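Structure data (TSV, N, CA and C atoms) from data_0.tsv:
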```tsv
chain	number	residue	atom	x	y	z
A	1	MET	N	38.57	75.26	148.03
A	1	MET	CA	37.54	76.24	147.74
A	1	MET	C	37.00	76.80	149.05
A	2	ALA	N	36.87	78.08	149.11
A	2	ALA	CA	36.40	78.74	150.32
A	2	ALA	C	34.89	78.53	150.48
A	3	SER	N	34.47	78.42	151.73
A	3	SER	CA	33.05	78.25	151.99
A	3	SER	C	32.30	79.56	151.77
A	4	LYS	N	31.00	79.47	151.63
A	4	LYS	CA	30.20	80.67	151.43
A	4	LYS	C	30.29	81.59	152.63
A	5	LYS	N	30.28	81.02	153.83
A	5	LYS	CA	30.34	81.83	155.04
A	5	LYS	C	31.65	82.62	155.09
A	6	TYR	N	32.76	81.98	154.71
A	6	TYR	CA	34.06	82.66	154.70
A	6	TYR	C	34.05	83.81	153.70
A	7	GLN	N	33.48	83.59	152.54
A	7	GLN	CA	33.42	84.64	151.53
A	7	GLN	C	32.55	85.79	151.99
A	8	GLN	N	31.47	85.49	152.71
A	8	GLN	CA	30.61	86.55	153.23
A	8	GLN	C	31.36	87.38	154.27
A	9	LEU	N	32.16	86.73	155.10
A	9	LEU	CA	32.90	87.43	156.14
A	9	LEU	C	33.92	88.38	155.54
A	10	GLN	N	34.50	88.03	154.43
A	10	GLN	CA	35.49	88.89	153.79
A	10	GLN	C	34.85	90.17	153.26
A	11	GLU	N	33.57	90.13	152.95
A	11	GLU	CA	32.89	91.31	152.42
A	11	GLU	C	32.51	92.30	153.51
A	12	PHE	N	32.46	91.85	154.77
A	12	PHE	CA	32.07	92.73	155.88
A	12	PHE	C	33.15	93.76	156.15
A	13	SER	N	32.73	94.92	156.64
A	13	SER	CA	33.70	95.90	157.13
A	13	SER	C	34.13	95.47	158.52
A	14	ASP	N	35.15	96.12	159.07
A	14	ASP	CA	35.65	95.75	160.39
A	14	ASP	C	34.57	95.89	161.45
A	15	GLU	N	33.82	96.98	161.40
A	15	GLU	CA	32.77	97.23	162.39
A	15	GLU	C	31.65	96.21	162.26
A	16	GLU	N	31.24	95.93	161.04
A	16	GLU	CA	30.19	94.93	160.83
A	16	GLU	C	30.62	93.56	161.32
A	17	LEU	N	31.88	93.23	161.09
A	17	LEU	CA	32.40	91.94	161.52
A	17	LEU	C	32.38	91.81	163.04
A	18	LYS	N	32.79	92.86	163.73
A	18	LYS	CA	32.79	92.82	165.19
A	18	LYS	C	31.37	92.73	165.74
A	19	ASN	N	30.44	93.45	165.12
A	19	ASN	CA	29.04	93.37	165.54
A	19	ASN	C	28.47	91.98	165.31
A	20	GLU	N	28.77	91.42	164.17
A	20	GLU	CA	28.31	90.06	163.85
A	20	GLU	C	28.90	89.05	164.83
A	21	LEU	N	30.15	89.23	165.19
A	21	LEU	CA	30.80	88.34	166.15
A	21	LEU	C	30.10	88.42	167.51
A	22	GLN	N	29.81	89.63	167.97
A	22	GLN	CA	29.12	89.78	169.26
A	22	GLN	C	27.73	89.16	169.22
A	23	ASP	N	27.01	89.37	168.13
A	23	ASP	CA	25.67	88.80	168.00
A	23	ASP	C	25.71	87.27	167.98
A	24	THR	N	26.67	86.72	167.28
A	24	THR	CA	26.79	85.27	167.16
A	24	THR	C	27.19	84.66	168.50
A	25	GLU	N	28.09	85.32	169.24
A	25	GLU	CA	28.48	84.81	170.55
A	25	GLU	C	27.29	84.84	171.51
A	26	ALA	N	26.47	85.90	171.45
A	26	ALA	CA	25.27	85.97	172.28
A	26	ALA	C	24.29	84.86	171.90
A	27	GLN	N	24.15	84.62	170.61
A	27	GLN	CA	23.27	83.55	170.14
A	27	GLN	C	23.76	82.20	170.64
A	28	TYR	N	25.07	81.99	170.61
A	28	TYR	CA	25.64	80.72	171.07
A	28	TYR	C	25.37	80.51	172.56
A	29	GLN	N	25.53	81.56	173.36
A	29	GLN	CA	25.26	81.45	174.79
A	29	GLN	C	23.79	81.10	175.04
A	30	LYS	N	22.90	81.72	174.28
A	30	LYS	CA	21.48	81.43	174.43
A	30	LYS	C	21.17	80.00	174.03
A	31	LEU	N	21.77	79.55	172.94
A	31	LEU	CA	21.55	78.16	172.51
A	31	LEU	C	22.07	77.17	173.54
A	32	LYS	N	23.23	77.45	174.11
A	32	LYS	CA	23.78	76.56	175.14
A	32	LYS	C	22.84	76.48	176.34
A	33	PHE	N	22.32	77.63	176.75
A	33	PHE	CA	21.40	77.66	177.89
A	33	PHE	C	20.12	76.88	177.56
A	34	ASP	N	19.56	77.14	176.38
A	34	ASP	CA	18.35	76.44	175.98
A	34	ASP	C	18.57	74.93	175.90
A	35	HIS	N	19.71	74.53	175.43
A	35	HIS	CA	20.03	73.11	175.32
A	35	HIS	C	20.15	72.47	176.71
A	36	ALA	N	20.72	73.20	177.66
A	36	ALA	CA	20.87	72.67	179.02
A	36	ALA	C	19.52	72.57	179.72
A	37	VAL	N	18.63	73.51	179.45
A	37	VAL	CA	17.35	73.54	180.15
A	37	VAL	C	16.33	72.59	179.51
A	38	THR	N	16.09	72.78	178.22
A	38	THR	CA	15.02	72.01	177.57
A	38	THR	C	15.51	71.08	176.48
A	39	GLY	N	16.71	71.29	176.00
A	39	GLY	CA	17.22	70.49	174.89
A	39	GLY	C	16.85	71.13	173.57
A	40	LEU	N	17.66	70.89	172.58
A	40	LEU	CA	17.43	71.43	171.24
A	40	LEU	C	16.96	70.32	170.32
A	41	ASP	N	16.19	70.68	169.30
A	41	ASP	CA	15.77	69.69	168.32
A	41	ASP	C	16.98	69.13	167.58
A	42	ASN	N	17.91	70.01	167.26
A	42	ASN	CA	19.12	69.60	166.54
A	42	ASN	C	20.34	70.16	167.28
A	43	PRO	N	20.96	69.38	168.17
A	43	PRO	CA	22.10	69.90	168.93
A	43	PRO	C	23.34	70.19	168.08
A	44	LEU	N	23.36	69.74	166.84
A	44	LEU	CA	24.50	70.04	165.97
A	44	LEU	C	24.56	71.51	165.59
A	45	VAL	N	23.48	72.24	165.85
A	45	VAL	CA	23.47	73.68	165.61
A	45	VAL	C	24.54	74.34	166.47
A	46	LEU	N	24.75	73.82	167.68
A	46	LEU	CA	25.78	74.37	168.57
A	46	LEU	C	27.15	74.30	167.90
A	47	ARG	N	27.44	73.19	167.27
A	47	ARG	CA	28.74	73.03	166.62
A	47	ARG	C	28.90	74.01	165.47
A	48	GLU	N	27.84	74.17	164.67
A	48	GLU	CA	27.90	75.09	163.54
A	48	GLU	C	28.11	76.53	164.00
A	49	VAL	N	27.42	76.94	165.05
A	49	VAL	CA	27.56	78.30	165.55
A	49	VAL	C	28.96	78.50	166.12
A	50	ARG	N	29.46	77.49	166.84
A	50	ARG	CA	30.81	77.58	167.39
A	50	ARG	C	31.85	77.70	166.28
A	51	ARG	N	31.66	76.99	165.21
A	51	ARG	CA	32.58	77.07	164.08
A	51	ARG	C	32.48	78.42	163.36
A	52	ASP	N	31.27	78.98	163.29
A	52	ASP	CA	31.11	80.31	162.71
A	52	ASP	C	31.85	81.34	163.54
A	53	ILE	N	31.78	81.20	164.87
A	53	ILE	CA	32.50	82.12	165.75
A	53	ILE	C	34.00	82.01	165.50
A	54	ALA	N	34.49	80.80	165.34
A	54	ALA	CA	35.92	80.60	165.07
A	54	ALA	C	36.31	81.23	163.73
A	55	ARG	N	35.44	81.10	162.73
A	55	ARG	CA	35.72	81.72	161.42
A	55	ARG	C	35.83	83.24	161.56
A	56	MET	N	34.93	83.81	162.37
A	56	MET	CA	34.96	85.26	162.55
A	56	MET	C	36.21	85.71	163.29
A	57	HIS	N	36.60	84.97	164.33
A	57	HIS	CA	37.83	85.29	165.05
A	57	HIS	C	39.04	85.20	164.12
A	58	THR	N	39.03	84.21	163.25
A	58	THR	CA	40.13	84.05	162.30
A	58	THR	C	40.20	85.23	161.34
A	59	GLU	N	39.06	85.67	160.86
A	59	GLU	CA	39.03	86.81	159.93
A	59	GLU	C	39.48	88.09	160.63
A	60	VAL	N	39.07	88.29	161.89
A	60	VAL	CA	39.51	89.47	162.64
A	60	VAL	C	41.02	89.44	162.79
A	61	ARG	N	41.57	88.30	163.14
A	61	ARG	CA	43.02	88.18	163.34
A	61	ARG	C	43.77	88.36	162.02
A	62	ARG	N	43.22	87.83	160.93
A	62	ARG	CA	43.86	87.99	159.62
A	62	ARG	C	43.94	89.47	159.25
A	63	ARG	N	42.89	90.22	159.56
A	63	ARG	CA	42.88	91.65	159.26
A	63	ARG	C	43.86	92.40	160.16
A	64	GLU	N	43.98	91.97	161.42
A	64	GLU	CA	44.95	92.60	162.32
A	64	GLU	C	46.37	92.41	161.78
A	65	LEU	N	46.67	91.21	161.36
A	65	LEU	CA	48.01	90.93	160.83
A	65	LEU	C	48.27	91.67	159.53
A	66	ALA	N	47.25	91.81	158.71
A	66	ALA	CA	47.41	92.53	157.45
A	66	ALA	C	47.67	94.02	157.69
A	67	GLY	N	47.17	94.54	158.79
A	67	GLY	CA	47.34	95.95	159.09
A	67	GLY	C	48.61	96.27	159.85
A	68	MET	N	49.38	95.27	160.22
A	68	MET	CA	50.61	95.51	160.98
A	68	MET	C	51.72	96.03	160.07
A	69	SER	N	52.58	96.82	160.67
A	69	SER	CA	53.73	97.33	159.93
A	69	SER	C	54.82	96.26	159.89
A	70	GLU	N	55.85	96.52	159.09
A	70	GLU	CA	56.96	95.56	158.97
A	70	GLU	C	57.66	95.36	160.32
A	71	ALA	N	57.81	96.44	161.09
A	71	ALA	CA	58.49	96.34	162.39
A	71	ALA	C	57.67	95.48	163.36
A	72	GLU	N	56.36	95.65	163.35
A	72	GLU	CA	55.50	94.85	164.23
A	72	GLU	C	55.53	93.38	163.83
A	73	LEU	N	55.55	93.13	162.53
A	73	LEU	CA	55.62	91.74	162.06
A	73	LEU	C	56.96	91.11	162.43
A	74	ALA	N	58.04	91.86	162.33
A	74	ALA	CA	59.35	91.34	162.69
A	74	ALA	C	59.40	91.03	164.18
A	75	LYS	N	58.86	91.90	164.99
A	75	LYS	CA	58.82	91.66	166.43
A	75	LYS	C	58.00	90.42	166.74
A	76	ARG	N	56.88	90.27	166.03
A	76	ARG	CA	56.03	89.10	166.22
A	76	ARG	C	56.78	87.83	165.87
A	77	SER	N	57.57	87.87	164.81
A	77	SER	CA	58.34	86.70	164.39
A	77	SER	C	59.36	86.32	165.45
A	78	LYS	N	59.97	87.31	166.09
A	78	LYS	CA	60.94	87.03	167.16
A	78	LYS	C	60.26	86.37	168.34
A	79	ILE	N	59.09	86.85	168.68
A	79	ILE	CA	58.34	86.27	169.80
A	79	ILE	C	57.96	84.83	169.48
A	80	ARG	N	57.50	84.59	168.28
A	80	ARG	CA	57.12	83.22	167.88
A	80	ARG	C	58.32	82.29	167.88
A	81	ALA	N	59.47	82.79	167.43
A	81	ALA	CA	60.69	81.96	167.41
A	81	ALA	C	61.12	81.63	168.83
A	82	ARG	N	60.99	82.57	169.73
A	82	ARG	CA	61.38	82.33	171.12
A	82	ARG	C	60.46	81.30	171.78
A	83	ARG	N	59.21	81.29	171.41
A	83	ARG	CA	58.27	80.31	171.97
A	83	ARG	C	58.59	78.89	171.52
A	84	ARG	N	59.15	78.75	170.35
A	84	ARG	CA	59.45	77.41	169.81
A	84	ARG	C	60.59	76.72	170.56
A	85	LYS	N	61.44	77.50	171.19
A	85	LYS	CA	62.61	76.92	171.88
A	85	LYS	C	62.21	76.15	173.10
```
Now, as a test, write the supplied structure out as structure tokens.
Amino acid sequence: MASKKYQQLQEFSDEELKNELQDTEAQYQKLKFDHAVTGLDNPLVLREVRRDIARMHTEVRRRELAGMSEAELAKRSKIRARRRK
């Protein structure tokens, strides 16, 4: 079952998703700084934000792959096969 955050990300447009990603990355940097200077009440927030960023990157990449043509996908498959050797 997909998480609520994942389902919310699927509803975003491409532009909204990129804006949300930038905002979340800025928030993560601020949280890291605050944690280094004064400490956070709940340091597990860092992990949750980092995972949200990863979810957003995954959704961006999924959309990129969905928008690729057959020729681009075939080329990508060749590159991936060459890396495995």
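Counting all atoms listed in the file, Leu40 of chain A has the following residues at most 8 Å away, ignoring those fewer than 5 positions along the same chain: Leu31, Asp34 and His35 of chain A.
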Please save N, CA and C atoms of the selected residues as a short mmCIF file (atom, residue, chain, number, x, y, z; two decimals), in the frame of the given file.
```
data_model
loop_
_atom_site.label_atom_id
_atom_site.label_comp_id
_atom_site.auth_asym_id
_atom_site.auth_seq_id
_atom_site.Cartn_x
_atom_site.Cartn_y
_atom_site.Cartn_z
N LEU A 31 21.77 79.55 172.94
CA LEU A 31 21.55 78.16 172.51
C LEU A 31 22.07 77.17 173.54
N ASP A 34 19.56 77.14 176.38
CA ASP A 34 18.35 76.44 175.98
C ASP A 34 18.57 74.93 175.90
N HIS A 35 19.71 74.53 175.43
CA HIS A 35 20.03 73.11 175.32
C HIS A 35 20.15 72.47 176.71
#
```
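In this model, the gap between atom CA of Glu25 of chain A and atom C of Leu65 of chain A comes to 23.7 Å.
Of note, atom CA of Tyr28 of chain A and atom CA of Ile53 of chain A are spaced 8.8 Å apart.
When atom C of Arg50 of chain A is paired with atom C of Ala66 of chain A, their separation reads 24.3 Å.
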Using only C-alpha atoms, which protein or nucleic acid residues come within 12 Å of Arg55 of chain A? Drop anything in the same chain fewer than 6 positions from it, and give the result as a PDB file with N, CA and C atoms, keeping the file's coordinate frame.
```pdb
ATOM      1  N   ALA A   2      36.870  78.080 149.110  1.00  0.00           N
ATOM      2  CA  ALA A   2      36.400  78.740 150.320  1.00  0.00           C
ATOM      3  C   ALA A   2      34.890  78.530 150.480  1.00  0.00           C
ATOM      4  N   SER A   3      34.470  78.420 151.730  1.00  0.00           N
ATOM      5  CA  SER A   3      33.050  78.250 151.990  1.00  0.00           C
ATOM      6  C   SER A   3      32.300  79.560 151.770  1.00  0.00           C
ATOM      7  N   LYS A   4      31.000  79.470 151.630  1.00  0.00           N
ATOM      8  CA  LYS A   4      30.200  80.670 151.430  1.00  0.00           C
ATOM      9  C   LYS A   4      30.290  81.590 152.630  1.00  0.00           C
ATOM     10  N   LYS A   5      30.280  81.020 153.830  1.00  0.00           N
ATOM     11  CA  LYS A   5      30.340  81.830 155.040  1.00  0.00           C
ATOM     12  C   LYS A   5      31.650  82.620 155.090  1.00  0.00           C
ATOM     13  N   TYR A   6      32.760  81.980 154.710  1.00  0.00           N
ATOM     14  CA  TYR A   6      34.060  82.660 154.700  1.00  0.00           C
ATOM     15  C   TYR A   6      34.050  83.810 153.700  1.00  0.00           C
ATOM     16  N   GLN A   7      33.480  83.590 152.540  1.00  0.00           N
ATOM     17  CA  GLN A   7      33.420  84.640 151.530  1.00  0.00           C
ATOM     18  C   GLN A   7      32.550  85.790 151.990  1.00  0.00           C
ATOM     19  N   GLN A   8      31.470  85.490 152.710  1.00  0.00           N
ATOM     20  CA  GLN A   8      30.610  86.550 153.230  1.00  0.00           C
ATOM     21  C   GLN A   8      31.360  87.380 154.270  1.00  0.00           C
ATOM     22  N   LEU A   9      32.160  86.730 155.100  1.00  0.00           N
ATOM     23  CA  LEU A   9      32.900  87.430 156.140  1.00  0.00           C
ATOM     24  C   LEU A   9      33.920  88.380 155.540  1.00  0.00           C
ATOM     25  N   GLN A  10      34.500  88.030 154.430  1.00  0.00           N
ATOM     26  CA  GLN A  10      35.490  88.890 153.790  1.00  0.00           C
ATOM     27  C   GLN A  10      34.850  90.170 153.260  1.00  0.00           C
ATOM     28  N   LEU A  17      31.880  93.230 161.090  1.00  0.00           N
ATOM     29  CA  LEU A  17      32.400  91.940 161.520  1.00  0.00           C
ATOM     30  C   LEU A  17      32.380  91.810 163.040  1.00  0.00           C
ATOM     31  N   GLU A  20      28.770  91.420 164.170  1.00  0.00           N
ATOM     32  CA  GLU A  20      28.310  90.060 163.850  1.00  0.00           C
ATOM     33  C   GLU A  20      28.900  89.050 164.830  1.00  0.00           C
ATOM     34  N   LEU A  21      30.150  89.230 165.190  1.00  0.00           N
ATOM     35  CA  LEU A  21      30.800  88.340 166.150  1.00  0.00           C
ATOM     36  C   LEU A  21      30.100  88.420 167.510  1.00  0.00           C
ATOM     37  N   THR A  24      26.670  86.720 167.280  1.00  0.00           N
ATOM     38  CA  THR A  24      26.790  85.270 167.160  1.00  0.00           C
ATOM     39  C   THR A  24      27.190  84.660 168.500  1.00  0.00           C
ATOM     40  N   GLU A  48      27.840  74.170 164.670  1.00  0.00           N
ATOM     41  CA  GLU A  48      27.900  75.090 163.540  1.00  0.00           C
ATOM     42  C   GLU A  48      28.110  76.530 164.000  1.00  0.00           C
ATOM     43  N   VAL A  49      27.420  76.940 165.050  1.00  0.00           N
ATOM     44  CA  VAL A  49      27.560  78.300 165.550  1.00  0.00           C
ATOM     45  C   VAL A  49      28.960  78.500 166.120  1.00  0.00           C
ATOM     46  N   ARG A  61      41.570  88.300 163.140  1.00  0.00           N
ATOM     47  CA  ARG A  61      43.020  88.180 163.340  1.00  0.00           C
ATOM     48  C   ARG A  61      43.770  88.360 162.020  1.00  0.00           C
ATOM     49  N   ARG A  62      43.220  87.830 160.930  1.00  0.00           N
ATOM     50  CA  ARG A  62      43.860  87.990 159.620  1.00  0.00           C
ATOM     51  C   ARG A  62      43.940  89.470 159.250  1.00  0.00           C
TER      52      ARG A  62
END
```
Legend entry - Backbone DSSP call of alpha helix (DSSP H) for chain A, listed as a VMD selection string: chain A and resid 4 to 11 14 to 37 44 to 66 70 to 84
